[in-house]
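Engineer: Below is entry_3.pdb; it holds PDB, C-alpha atoms and all ligand atoms.
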```pdb
ATOM      1  CA  MET O   1     108.906 169.034  46.667
ATOM      2  CA  GLY O   2     109.281 172.769  46.685
ATOM      3  CA  VAL O   3     112.443 174.654  46.052
ATOM      4  CA  ASP O   4     114.586 177.009  48.047
ATOM      5  CA  ARG O   5     114.099 180.693  47.352
ATOM      6  CA  HIS O   6     117.726 181.015  46.402
ATOM      7  CA  ASP O   7     117.571 178.224  43.861
ATOM      8  CA  SER O   8     117.599 179.181  40.258
ATOM      9  CA  LYS O   9     117.962 177.214  37.106
ATOM     10  CA  LEU O  10     118.742 177.845  33.499
ATOM     11  CA  ILE O  11     116.131 177.047  30.923
ATOM     12  CA  ASP O  12     116.772 176.781  27.230
ATOM     13  CA  ILE O  13     115.015 179.234  24.950
ATOM     14  CA  TYR O  14     114.623 178.103  21.388
ATOM     15  CA  GLY O  15     114.774 180.522  18.490
ATOM     16  CA  ASP O  16     111.187 180.069  17.373
ATOM     17  CA  LYS O  17     108.228 177.703  17.616
ATOM     18  CA  THR O  18     109.455 175.483  14.798
ATOM     19  CA  ALA O  19     112.971 175.242  16.214
ATOM     20  CA  LYS O  20     111.793 172.826  18.931
ATOM     21  CA  ALA O  21     110.305 170.489  16.340
ATOM     22  CA  ALA O  22     113.561 170.286  14.403
ATOM     23  CA  PRO O  23     115.541 167.050  14.828
ATOM     24  CA  HIS O  24     118.407 168.905  16.490
ATOM     25  CA  PRO O  25     116.948 172.118  17.857
ATOM     26  CA  ARG O  26     119.430 174.896  18.390
ATOM     27  CA  VAL O  27     119.217 176.711  21.661
ATOM     28  CA  ALA O  28     118.986 180.427  20.960
ATOM     29  CA  TYR O  29     119.864 181.546  24.464
ATOM     30  CA  GLN O  30     119.473 180.579  28.056
ATOM     31  CA  ARG O  31     117.390 182.399  30.576
ATOM     32  CA  GLU O  32     117.809 182.190  34.297
ATOM     33  CA  ILE O  33     114.556 181.690  36.151
ATOM     34  CA  HIS O  34     114.000 182.270  39.826
ATOM     35  CA  PRO O  35     111.484 180.682  42.141
ATOM     36  CA  ARG O  36     108.647 182.809  43.371
ATOM     37  CA  GLN O  37     106.325 182.363  46.284
ATOM     38  CA  VAL O  38     103.135 180.654  45.251
ATOM     39  CA  THR O  39     100.126 180.310  47.521
ATOM     40  CA  PHE O  40      97.864 177.456  46.565
ATOM     41  CA  THR O  41      95.394 175.000  48.059
ATOM     42  CA  CYS O  42      96.528 171.393  48.028
ATOM     43  CA  ALA O  43      94.110 169.274  46.013
ATOM     44  CA  GLN O  44      94.687 166.335  48.317
ATOM     45  CA  CYS O  45      94.755 167.595  51.923
ATOM     46  CA  GLY O  46      92.976 170.893  51.226
ATOM     47  CA  GLN O  47      95.516 172.936  53.175
ATOM     48  CA  GLU O  48      96.576 176.331  51.921
ATOM     49  CA  LYS O  49     100.309 176.399  51.429
ATOM     50  CA  THR O  50     102.850 178.954  50.373
ATOM     51  CA  GLN O  51     105.891 177.469  48.724
ATOM     52  CA  TRP O  52     108.777 178.594  46.579
ATOM     53  CA  ARG O  53     108.198 177.324  43.087
ATOM     54  CA  TYR O  54     109.530 177.964  39.649
ATOM     55  CA  PRO O  55     107.186 179.912  37.414
ATOM     56  CA  GLY O  56     104.719 177.792  35.516
ATOM     57  CA  ALA O  57     101.509 175.983  36.254
ATOM     58  CA  PRO O  58     100.481 176.376  39.895
ATOM     59  CA  PRO O  59     101.259 173.322  42.019
ATOM     60  CA  ARG O  60      98.377 171.046  42.916
ATOM     61  CA  TYR O  61      99.807 169.200  45.888
ATOM     62  CA  CYS O  62     101.768 170.454  48.871
ATOM     63  CA  SER O  63     103.973 167.402  49.264
ATOM     64  CA  ASP O  64     105.102 164.149  47.719
ATOM     65  CA  GLU O  65     102.819 162.367  50.176
ATOM     66  CA  CYS O  66      99.787 164.253  48.904
ATOM     67  CA  GLN O  67     100.738 163.656  45.283
ATOM     68  CA  ASP O  68     101.162 159.950  46.027
ATOM     69  CA  GLY O  69      97.887 159.878  47.919
ATOM     70  CA  ALA O  70      96.052 161.504  45.055
ATOM     71  CA  ARG O  71      97.544 159.034  42.612
ATOM     72  CA  ARG O  72      96.519 156.100  44.767
ATOM     73  CA  ALA O  73      93.003 157.513  45.155
ATOM     74  CA  LYS O  74      92.741 157.824  41.390
ATOM     75  CA  THR O  75      93.826 154.215  40.965
ATOM     76  CA  ARG O  76      91.306 153.078  43.582
ATOM     77  CA  GLU O  77      88.574 155.010  41.816
ATOM     78  CA  ARG O  78      89.517 153.466  38.498
ATOM     79  CA  VAL O  79      89.464 149.965  39.978
ATOM     80  CA  ARG O  80      86.117 150.620  41.643
ATOM     81  CA  ARG O  81      84.562 151.849  38.391
ATOM     82  CA  HIS O  82      85.990 148.869  36.565
ATOM     83  CA  ARG O  83      84.447 146.494  39.126
ATOM     84  CA  GLU O  84      81.079 148.247  38.950
ATOM     85  CA  LYS O  85      81.086 147.933  35.189
ATOM     86  CA  LYS O  86      81.961 144.250  35.456
ATOM     87  CA  GLN O  87      79.249 143.638  38.054
ATOM     88  CA  ALA O  88      76.668 145.454  35.938
ATOM     89  CA  ALA O  89      77.608 143.292  32.981
ATOM     90  CA  GLU O  90      77.316 140.150  35.075
ATOM     91  CA  ALA O  91      73.977 141.273  36.519
ATOM     92  CA  SER O  92      72.448 141.873  33.092
ATOM     93  CA  GLU O  93      73.762 138.501  32.025
ATOM     94  CA  GLY O  94      72.075 136.917  35.039
ATOM     95  CA  GLU O  95      68.748 138.480  34.092
ATOM     96  CA  LYS O  96      68.758 136.624  30.814
ATOM     97  CA  SER O  97      69.051 133.225  32.464
ATOM     98  CA  ASP O  98      66.777 133.942  35.384
ATOM     99  CA  GLU O  99      66.268 130.949  37.650
ATOM    100  CA  PRO O 100      63.414 131.450  40.133
ATOM    101  CA  ALA O 101      64.313 128.324  42.102
ATOM    102  CA  GLU O 102      67.642 129.832  43.117
ATOM    103  CA  LYS O 103      65.977 133.048  44.234
ATOM    104  CA  THR O 104      63.501 131.188  46.438
ATOM    105  CA  LEU O 105      66.344 129.316  48.077
ATOM    106  CA  GLN O 106      68.155 132.565  48.778
ATOM    107  CA  VAL O 107      65.085 134.145  50.380
ATOM    108  CA  SER O 108      64.523 131.135  52.625
ATOM    109  CA  LEU O 109      68.168 131.339  53.714
ATOM    110  CA  TRP O 110      67.765 134.990  54.626
ATOM    111  CA  LEU O 111      64.650 134.172  56.640
ATOM    112  CA  ARG O 112      66.512 131.474  58.535
ATOM    113  CA  VAL O 113      69.321 133.881  59.374
ATOM    114  CA  GLU O 114      66.806 136.442  60.584
ATOM    115  CA  ASN O 115      64.989 133.886  62.726
ATOM    116  CA  ASN O 116      68.251 132.710  64.242
ATOM    117  CA  SER O 117      69.257 136.229  65.152
ATOM    118  CA  ASN O 118      66.042 136.563  67.145
ATOM    119  CA  TYR O 119      67.228 133.890  69.562
ATOM    120  CA  ILE O 120      70.380 135.815  70.423
ATOM    121  CA  GLY O 121      69.870 137.928  73.541
TER
HETATM  122 ZN    ZN V 201      98.646 168.349  50.806
END
```
Would you encode the structure as C-alpha cells?
Ligand SMILES: [Zn+2]

Structural biologist:
Amino acid sequence: MGVDRHDSKLIDIYGDKTAKAAPHPRVAYQREIHPRQVTFTCAQCGQEKTQWRYPGAPPRYCSDECQDGARRAKTRERVRRHREKKQAAEASEGEKSDEPAEKTLQVSLWLRVENNSNYIG
C-alpha cells in the first residue's frame, strides 16, 4: 500500500456528469494527479501514520496486513452474529417442547461433577 511521493498518474476527466453514463463515454481531457502526504489513524492497529497517497478519501488502514485483518475480523463478527441468531432460534424452539425430565438429569450431572471435583486435592 502507499505510493511513492514521485509517483503520479493520469486520470480521465469526462466532459460532464452525463458523459460517464453514456455507453461509450468520451474522455474530455486527462489530468495528472500527484500524491500528497496524508496523516491518518489506522482503523485496525490504531497507529497514526503519514503516507503518500493520491487525493481522495482518506485511507483507513496503514498496510495490507491491517486491511486483511479488518476484513477477517468483520467476517468473524458476521459468523458470530449468525451463530447467535441460530442459537436464539434453537433456544426458543426448545422452550416450546420443554421436557423437565431432561433438565433434572442435567442438574444431577452437574452436581456429580461438582462433588467429584471436591475429592481432587
Ligand atoms: Zn495498521

Engineer: Residues within 7 Å of ligand ZN 201 (chain V) should be enumerated using all atoms listed in the file and returned as a list in words.

Structural biologist: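 I would give the residues around ligand ZN 201 (chain V) as Cys42, Ala43, Gln44, Cys45, Gly46, Gln47, Tyr61, Cys62, Ser63 and Cys66 of chain O.
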
Engineer: Please measure the separation of atom CA of Gln30 of chain O and atom CA of Ser8 of chain O, giving the value in Å to one decimal.

Structural biologist: 12.4 Å

Engineer: Work out how far apart atom CA of His6 of chain O and atom CA of Ala70 of chain O are and give it in Å to one decimal.

Structural biologist: 29.2 Å

Engineer: Using only C-alpha atoms, pick whichever of O:Lys86, O:His34, O:Arg5, O:Arg81 has the shortest atom-to-atom distance to Pro55 of chain O.

Structural biologist: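 Using only C-alpha atoms, the shortest distance to Pro55 of chain O belongs to O:His34.
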
Engineer: Between atom CA of Pro35 of chain O and atom CA of Gly56 of chain O, what is the distance, to one decimal in Å?

Structural biologist: 9.9 Å

Engineer: Return as AutoDock Vina command-line options the centre and edge lengths, in Å with one decimal, of the box along x, y and z that encloses every atom of segment 45-54 of chain O in the file, padded by 5 Å per side.

Structural biologist:
```
--center_x 101.3 --center_y 173.3 --center_z 46.4 --size_x 26.6 --size_y 21.4 --size_z 23.5
```

Engineer: Nearest to Phe40 of chain O among O:Pro23, O:Ala73, O:Asp7, O:Arg53, with distances taken over only C-alpha atoms: which residue is it?

Structural biologist: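 Residue with the minimum atom-to-atom distance to Phe40 of chain O: O:Arg53.
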
Engineer: Written as a VMD selection string, what is the full residue list that the PyMOL selection byres (((chain O and resi 32) around 6) and not hetatm) yields on the file shown?

Structural biologist: chain O and resid 9 to 10 31 33

Engineer: Using the chain letters and numbers from this file, what does the PyMOL selection byres (((chain O and resi 51) around 7) and not hetatm) select? Give the answer as a list of chain:residue names.

Structural biologist: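 What the PyMOL selection byres (((chain O and resi 51) around 7) and not hetatm) grabs from the file is O:Gly2, O:Gln37, O:Val38, O:Thr39, O:Lys49, O:Thr50, O:Trp52, O:Arg53.
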